[in-house]
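Below is the file data.txt, which contains compact mmCIF, C-alpha atoms.
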```
# COMPACT_ATOMS: atom_id res chain seq x y z
CA MET U 1 -60.95 32.42 -39.94
CA THR U 2 -61.57 28.74 -39.36
CA ALA U 3 -60.50 26.62 -36.47
CA ALA U 4 -57.71 24.15 -37.30
CA THR U 5 -59.59 21.09 -36.12
CA GLY U 6 -60.59 19.37 -39.34
CA ALA U 7 -58.97 16.02 -39.99
CA ASP U 8 -58.59 16.73 -43.67
CA GLU U 9 -56.78 20.01 -43.17
CA ALA U 10 -53.23 20.25 -44.42
CA PRO U 11 -50.65 19.96 -41.61
CA THR U 12 -48.66 23.05 -40.72
CA PRO U 13 -45.50 23.08 -42.82
CA PRO U 14 -42.38 22.29 -40.79
CA THR U 15 -40.85 25.55 -42.02
CA SER U 16 -43.29 27.49 -39.81
CA TRP U 17 -41.34 29.37 -37.13
CA THR U 18 -43.89 28.44 -34.48
CA VAL U 19 -43.48 24.73 -35.30
CA ARG U 20 -39.72 25.01 -35.29
CA THR U 21 -39.74 26.91 -31.98
CA ARG U 22 -42.18 24.45 -30.42
CA THR U 23 -40.07 21.50 -31.56
CA ARG U 24 -36.91 23.09 -30.25
CA ILE U 25 -38.49 23.86 -26.84
CA SER U 26 -39.86 20.31 -26.57
CA ARG U 27 -36.36 18.93 -27.18
CA ILE U 28 -34.61 21.01 -24.50
CA VAL U 29 -35.22 18.35 -21.88
CA PRO U 30 -36.19 14.71 -22.43
CA GLN U 31 -39.90 14.04 -22.27
CA GLY U 32 -41.16 13.82 -18.68
CA GLN U 33 -37.91 15.15 -17.19
CA ALA U 34 -38.86 18.81 -16.79
CA LEU U 35 -40.65 18.03 -13.52
CA PRO U 36 -39.89 14.35 -12.86
CA ASP U 37 -41.65 12.38 -10.12
CA ARG U 38 -39.05 9.59 -10.00
CA GLN U 39 -35.31 9.85 -9.51
CA PRO U 40 -32.41 7.39 -9.46
CA ALA U 41 -31.90 5.53 -6.18
CA TYR U 42 -28.51 7.17 -5.61
CA MET U 43 -30.26 10.51 -5.13
CA SER U 44 -31.38 9.35 -1.68
CA SER U 45 -28.60 11.29 0.03
CA TRP U 46 -28.58 14.54 1.96
CA ILE U 47 -25.78 15.88 -0.26
CA TYR U 48 -28.27 16.09 -3.14
CA VAL U 49 -30.49 18.42 -1.07
CA PHE U 50 -28.15 21.40 -1.09
CA GLY U 51 -28.89 22.48 -4.65
CA VAL U 52 -32.57 22.95 -3.95
CA LEU U 53 -31.76 24.51 -0.56
CA THR U 54 -29.70 27.09 -2.46
CA ILE U 55 -32.65 27.79 -4.76
CA ALA U 56 -34.99 28.10 -1.76
CA ALA U 57 -32.64 30.59 -0.09
CA LEU U 58 -32.38 32.52 -3.36
CA LEU U 59 -36.17 32.84 -3.53
CA VAL U 60 -36.20 34.31 0.00
CA VAL U 61 -33.37 36.67 -1.00
CA ILE U 62 -35.36 37.89 -4.01
CA ALA U 63 -38.65 38.22 -2.08
CA THR U 64 -37.09 40.19 0.78
CA GLY U 65 -35.10 42.26 -1.72
CA VAL U 66 -38.33 43.23 -3.46
CA LEU U 67 -39.80 44.30 -0.10
CA LEU U 68 -36.67 46.36 0.68
CA ALA U 69 -36.89 48.04 -2.73
CA ILE U 70 -40.54 48.92 -2.11
CA GLY U 71 -39.93 50.19 1.44
CA GLY U 72 -36.79 52.16 0.70
CA VAL U 73 -33.72 53.15 2.69
CA ALA U 74 -35.46 55.00 5.53
CA TRP U 75 -37.85 52.08 6.04
CA TRP U 76 -35.14 49.43 6.42
CA HIS U 77 -33.05 51.70 8.66
CA VAL U 78 -35.61 52.97 11.16
CA SER U 79 -38.79 50.86 11.27
CA PRO U 80 -39.06 47.55 13.15
CA ALA U 81 -40.61 45.85 10.11
CA GLY U 82 -37.87 47.27 7.89
CA HIS U 83 -35.20 46.01 10.30
CA PHE U 84 -36.82 42.58 10.26
CA VAL U 85 -36.97 42.34 6.47
CA ASN U 86 -33.42 43.70 6.23
CA SER U 87 -32.27 40.94 8.59
CA LEU U 88 -34.18 38.32 6.61
CA HIS U 89 -32.41 39.57 3.47
CA LEU U 90 -28.99 39.35 5.13
CA TRP U 91 -29.47 35.92 6.70
CA SER U 92 -31.05 34.39 3.61
CA VAL U 93 -27.96 35.56 1.69
CA GLU U 94 -25.73 33.96 4.32
CA LEU U 95 -27.64 30.69 3.99
CA PHE U 96 -27.65 31.02 0.19
CA PHE U 97 -23.86 31.17 0.12
CA ALA U 98 -23.40 28.44 2.74
CA PHE U 99 -25.73 26.06 0.87
CA MET U 100 -24.19 26.98 -2.49
CA VAL U 101 -20.64 26.29 -1.26
CA ILE U 102 -21.65 22.93 0.28
CA HIS U 103 -23.41 22.13 -3.04
CA LEU U 104 -20.15 23.10 -4.79
CA TRP U 105 -18.08 20.83 -2.50
CA GLY U 106 -20.44 17.93 -3.08
CA LYS U 107 -20.42 18.35 -6.86
CA PHE U 108 -16.65 18.86 -6.99
CA TRP U 109 -15.90 15.65 -5.10
CA MET U 110 -18.25 13.64 -7.32
CA ALA U 111 -16.73 15.22 -10.49
CA ALA U 112 -20.11 16.57 -11.53
CA TRP U 113 -18.87 17.60 -14.98
CA ARG U 114 -18.91 13.94 -16.12
CA GLY U 115 -21.38 12.74 -18.76
CA ASN U 116 -21.62 15.89 -20.92
CA ARG U 117 -22.29 18.04 -17.86
CA ALA U 118 -19.45 20.52 -18.42
CA LEU U 119 -21.86 23.33 -19.30
CA THR U 120 -23.90 22.59 -16.17
CA TRP U 121 -20.72 22.89 -14.11
CA MET U 122 -19.64 26.11 -15.84
CA THR U 123 -23.03 27.79 -15.41
CA GLY U 124 -22.72 26.91 -11.72
CA VAL U 125 -19.32 28.60 -11.68
CA LEU U 126 -20.82 31.70 -13.32
CA ALA U 127 -23.72 31.72 -10.85
CA PHE U 128 -21.23 31.56 -7.97
CA LEU U 129 -19.08 34.40 -9.32
CA GLY U 130 -22.14 36.51 -10.17
CA SER U 131 -23.52 35.94 -6.69
CA ILE U 132 -20.29 37.26 -5.17
CA GLY U 133 -20.66 40.44 -7.23
CA THR U 134 -24.30 40.78 -6.26
CA ALA U 135 -23.51 40.34 -2.57
CA PHE U 136 -20.67 42.85 -2.87
CA THR U 137 -22.92 45.53 -4.40
CA GLY U 138 -25.46 44.68 -1.71
CA TYR U 139 -22.95 45.49 1.02
CA LEU U 140 -22.25 48.76 -0.83
CA SER U 141 -25.98 49.56 -0.90
CA GLN U 142 -26.61 49.35 2.84
CA SER U 143 -26.23 53.16 3.09
CA ASN U 144 -24.37 53.07 6.39
CA PHE U 145 -20.79 53.39 7.65
CA ASP U 146 -20.14 49.75 6.78
CA SER U 147 -20.91 50.36 3.10
CA GLN U 148 -18.71 53.49 3.13
CA TRP U 149 -15.83 51.53 4.66
CA ILE U 150 -16.16 48.64 2.18
CA SER U 151 -16.35 50.99 -0.82
CA THR U 152 -13.21 52.90 0.18
CA GLN U 153 -11.37 49.62 0.74
CA ALA U 154 -12.50 48.23 -2.63
CA LYS U 155 -11.94 51.23 -4.88
CA ASP U 156 -8.17 50.90 -5.12
CA GLY U 157 -8.26 47.29 -6.20
CA LEU U 158 -10.94 47.94 -8.82
CA ASN U 159 -9.09 51.03 -10.10
CA ALA U 160 -5.90 48.97 -10.31
CA VAL U 161 -7.53 46.49 -12.69
CA GLY U 162 -8.91 49.35 -14.79
CA VAL U 163 -12.66 49.08 -14.22
CA GLY U 164 -13.07 51.96 -11.78
CA ALA U 165 -14.31 54.38 -14.43
CA TYR U 166 -17.19 52.05 -15.37
CA PHE U 167 -17.83 50.37 -12.05
CA ASN U 168 -17.39 53.09 -9.43
CA VAL U 169 -17.88 51.67 -5.95
CA LEU U 170 -17.93 55.21 -4.53
CA ASN U 171 -21.13 55.87 -6.51
CA PRO U 172 -23.93 54.42 -4.33
CA GLY U 173 -26.58 55.07 -6.97
CA GLN U 174 -24.69 53.04 -9.56
CA MET U 175 -24.03 50.25 -7.07
CA LEU U 176 -27.70 50.13 -6.04
CA VAL U 177 -28.83 49.79 -9.68
CA TRP U 178 -26.27 47.03 -10.28
CA HIS U 179 -27.52 45.32 -7.11
CA VAL U 180 -31.27 45.49 -7.70
CA THR U 181 -31.54 45.19 -11.49
CA LEU U 182 -28.53 44.15 -13.59
CA LEU U 183 -26.96 41.48 -11.40
CA PRO U 184 -30.24 39.86 -10.23
CA LEU U 185 -31.32 39.58 -13.89
CA LEU U 186 -27.97 37.98 -14.72
CA ILE U 187 -28.14 35.59 -11.75
CA GLY U 188 -31.76 34.69 -12.56
CA LEU U 189 -30.85 33.91 -16.17
CA ILE U 190 -27.79 31.83 -15.24
CA VAL U 191 -29.68 29.91 -12.56
CA ALA U 192 -32.52 29.20 -15.02
CA ILE U 193 -30.04 27.85 -17.59
CA HIS U 194 -28.31 25.83 -14.85
CA LEU U 195 -31.60 24.23 -13.79
CA VAL U 196 -32.64 23.45 -17.37
CA LEU U 197 -29.25 21.80 -17.94
CA VAL U 198 -29.66 19.73 -14.76
CA ARG U 199 -33.04 18.53 -16.01
CA ARG U 200 -31.63 17.98 -19.52
CA HIS U 201 -28.78 15.71 -18.40
CA GLY U 202 -30.25 14.38 -15.16
CA ILE U 203 -28.63 14.61 -11.75
CA VAL U 204 -25.01 13.55 -11.66
CA PRO U 205 -24.43 10.06 -10.22
CA PRO U 206 -21.89 9.35 -7.48
CA LEU U 207 -18.51 8.04 -8.64
CA GLU U 208 -19.26 4.50 -7.51
CA ALA U 209 -22.61 4.27 -9.35
CA GLU U 210 -23.08 1.45 -11.83
CA ALA U 211 -22.35 2.61 -15.38
CA ALA U 212 -25.73 1.35 -16.59
CA ASP U 213 -27.45 3.30 -13.83
CA ALA U 214 -25.44 6.46 -14.17
CA ASN U 215 -26.50 8.07 -17.47
CA LEU U 216 -22.89 8.81 -18.31
CA ALA U 217 -22.84 8.83 -22.09
CA ASP U 218 -19.61 10.70 -22.70
CA GLU U 219 -19.75 10.50 -26.47
CA GLY U 220 -22.41 12.13 -28.61
CA GLY U 221 -25.69 13.05 -26.98
CA ALA U 222 -27.07 16.46 -26.15
CA ARG U 223 -24.90 19.14 -24.63
CA MET R 1 -7.72 60.69 22.03
CA LYS R 2 -10.49 58.33 22.96
CA SER R 3 -12.16 58.25 19.52
CA SER R 4 -8.93 57.16 17.84
CA VAL R 5 -8.57 54.40 20.40
CA LEU R 6 -12.07 53.26 19.58
CA LEU R 7 -11.34 53.27 15.85
CA ALA R 8 -8.18 51.25 16.45
CA ASP R 9 -10.10 48.55 18.27
CA PRO R 10 -10.46 45.39 16.21
CA ALA R 11 -13.96 44.61 15.03
CA GLY R 12 -13.81 41.15 16.55
CA ARG R 13 -11.57 38.38 17.80
CA TYR R 14 -9.06 36.98 15.36
CA ILE R 15 -7.10 33.76 15.11
CA SER R 16 -3.56 34.22 13.79
CA ALA R 17 -1.18 31.49 12.62
CA GLY R 18 1.76 32.88 10.67
CA VAL R 19 0.50 34.60 7.55
CA ILE R 20 -2.99 33.24 8.12
CA GLN R 21 -5.41 35.47 9.99
CA ILE R 22 -9.12 34.79 10.22
CA SER R 23 -11.86 36.18 12.41
CA LEU R 24 -13.26 33.78 14.98
CA THR R 25 -16.74 34.28 13.51
CA ASN R 26 -15.62 33.28 10.01
CA ALA R 27 -13.65 30.31 11.35
CA ILE R 28 -16.72 29.06 13.25
CA THR R 29 -18.93 29.55 10.16
CA ILE R 30 -16.54 27.63 7.88
CA GLY R 31 -16.18 24.91 10.54
CA ALA R 32 -19.98 24.59 10.77
CA MET R 33 -20.21 24.27 6.97
CA ILE R 34 -17.59 21.51 6.97
CA VAL R 35 -19.50 19.69 9.73
CA LEU R 36 -22.75 20.08 7.76
CA PHE R 37 -21.03 18.73 4.64
CA ALA R 38 -19.73 15.71 6.54
CA LEU R 39 -23.15 15.05 8.06
CA ALA R 40 -24.78 15.28 4.61
CA ILE R 41 -22.40 12.55 3.41
CA LEU R 42 -22.65 10.32 6.46
CA LEU R 43 -26.25 10.55 7.68
CA PRO R 44 -28.72 8.16 6.04
CA PHE R 45 -31.48 9.76 4.00
CA PRO R 46 -34.97 8.88 5.29
CA ARG R 47 -37.00 6.62 3.04
CA HIS R 48 -40.75 6.34 2.71
CA GLY R 49 -41.95 3.14 4.36
CA GLY R 50 -43.91 0.61 2.34
CA ARG R 51 -43.24 2.13 -1.08
CA GLY R 52 -40.32 -0.03 -2.00
CA ARG R 53 -37.23 1.10 -3.81
CA ARG R 54 -37.62 4.52 -5.37
CA GLY R 55 -36.49 5.12 -8.90
CA GLY R 56 -33.41 3.43 -10.21
CA ASP R 57 -34.70 3.33 -13.74
CA SER R 58 -34.41 6.93 -14.82
```
As structure tokens - that is how I would like this structure written.
Amino acid sequence: MTAATGADEAPTPPTSWTVRTRTRISRIVPQGQALPDRQPAYMSSWIYVFGVLTIAALLVVIATGVLLAIGGVAWWHVSPAGHFVNSLHLWSVELFFAFMVIHLWGKFWMAAWRGNRALTWMTGVLAFLGSIGTAFTGYLSQSNFDSQWISTQAKDGLNAVGVGAYFNVLNPGQMLVWHVTLLPLLIGLIVAIHLVLVRRHGIVPPLEAEAADANLADEGGAR
Amino acid sequence: MKSSVLLADPAGRYISAGVIQISLTNAITIGAMIVLFALAILLPFPRHGGRGRRGGDS
């Protein structure tokens, strides 16, 4: 096997799947925009901070959730360290939702779906709805009287819409697996797509931004 | 029976206005979020001194 360094070697044919994949990946976001070091002037506003605050809170949620999964139910119920991590998990979720809703308000009032950003908006919607489901299964996984109360209150509504046989809130094992594997994977995937789309289209400008400064090509362009 | 009285106790203080009923804790939390939203709109964002205008060309 020879190294592909010779200048006279034939170039890899464009039909190669590695070339096609590499080209496709390189075109997902404009060059230099994956981790940009410069941003438009209109981004100098506190309202643009709440997206990254939401991500930061989500990272704390995931890290403390991993610790809770390692320690187990008895650990988070009886040990001081377990109580502390359990509280960190709860309060980071509270902050996650507060930051996410303020981010949502900010983006709604600047019509953040402008400029081919509809998919960015919709993945944000999905992340919000998925987060509600993840938080709900988290409340059901506390293994205390609160989780019992919530599950008995929720079962009738879920049975009424016909999903009770597949999503049984009275089954703590099923709810725990939804909470620690399926829904976090879903949220992680949606958030990753959301972030890639934000980098692909750039941050949304405020309504009063100059058209030339706003990157608002409504026709054509990448979606 | 005392236990039934305990179970009947509300879990917190509630604000009621017609069909609307919300716990005081939730009302304070939502109010704080609205205040934070307003501050994020109104407060100026700190700028780095001496580096000129940031961005504007991307």
For this session: Please measure the separation of CA of Tyr166 (chain U) and CA of Leu58 (chain U), giving the value in Å to one decimal.
Result: 27.5 Å
For this session: May I have the residues of chain U within 7 Å of chain R, counting only C-alpha atoms, written as a list in words?
Result: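 Residues satisfying the distance criterion: Arg38, Gln39, Pro40, Ala41, Ser44, Ser45, Trp46, Ile47, Ala98, Ile102 and Asp213 of chain U.
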Exercise. Which value, in Å to one decimal, gives the distance between CA of Pro205 (chain U) and CA of Met43 (chain U)?
Worked result: 7.8 Å
For this session: Might you pull out every residue within 10 Å of Leu158 (chain U), with all atoms listed in the file counted and same-chain residues fewer than 5 positions away left off, and present them as JSON, numbers by chain?
Result: {"U": [153, 163, 164, 165, 166, 167, 168, 169]}
Put the listed atoms of region 48-65 of chain U in a box along x, y and z with 3 Å added on every side and give me the centre and edge lengths in Å to one decimal, as lines of an AutoDock Vina configuration file.
```
center_x = -33.4
center_y = 29.2
center_z = -2.0
size_x = 16.5
size_y = 32.2
size_z = 11.5
```
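One distance worth recording is that between CA of Gly106 (chain U) and CA of Val49 (chain U), which is 10.3 Å.
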For this session: Do a neighbour search on Tyr14 (chain R) at 9 Å with all atoms listed in the file, toss out local chain neighbours closer than 3 positions, and write the hits as a VMD selection string.
Result: chain R and resid 10 21 to 25
Generate the output file for the selected residues, C-alpha atoms, as a PDB file, keeping the file's coordinate frame.
```pdb
ATOM      1  CA  PRO R  10     -10.460  45.390  16.210  1.00  0.00           C
ATOM      2  CA  GLN R  21      -5.410  35.470   9.990  1.00  0.00           C
ATOM      3  CA  ILE R  22      -9.120  34.790  10.220  1.00  0.00           C
ATOM      4  CA  SER R  23     -11.860  36.180  12.410  1.00  0.00           C
ATOM      5  CA  LEU R  24     -13.260  33.780  14.980  1.00  0.00           C
ATOM      6  CA  THR R  25     -16.740  34.280  13.510  1.00  0.00           C
TER       7      THR R  25
END
```
Need the shell around Leu88 (chain U): protein/DNA/RNA residues with any atom at most 12 Å away, counting only C-alpha atoms. Skip same-chain ones fewer than 3 positions apart. Format as a compact mmCIF listing (two decimals) with C-alpha atoms, keeping the file's coordinate frame?
```txt
# COMPACT_ATOMS: atom_id res chain seq x y z
CA ALA U 57 -32.64 30.59 -0.09
CA LEU U 58 -32.38 32.52 -3.36
CA LEU U 59 -36.17 32.84 -3.53
CA VAL U 60 -36.20 34.31 0.00
CA VAL U 61 -33.37 36.67 -1.00
CA ILE U 62 -35.36 37.89 -4.01
CA ALA U 63 -38.65 38.22 -2.08
CA THR U 64 -37.09 40.19 0.78
CA GLY U 65 -35.10 42.26 -1.72
CA VAL U 66 -38.33 43.23 -3.46
CA LEU U 67 -39.80 44.30 -0.10
CA LEU U 68 -36.67 46.36 0.68
CA TRP U 76 -35.14 49.43 6.42
CA ALA U 81 -40.61 45.85 10.11
CA GLY U 82 -37.87 47.27 7.89
CA HIS U 83 -35.20 46.01 10.30
CA PHE U 84 -36.82 42.58 10.26
CA VAL U 85 -36.97 42.34 6.47
CA TRP U 91 -29.47 35.92 6.70
CA SER U 92 -31.05 34.39 3.61
CA VAL U 93 -27.96 35.56 1.69
CA GLU U 94 -25.73 33.96 4.32
CA LEU U 95 -27.64 30.69 3.99
CA PHE U 96 -27.65 31.02 0.19
```
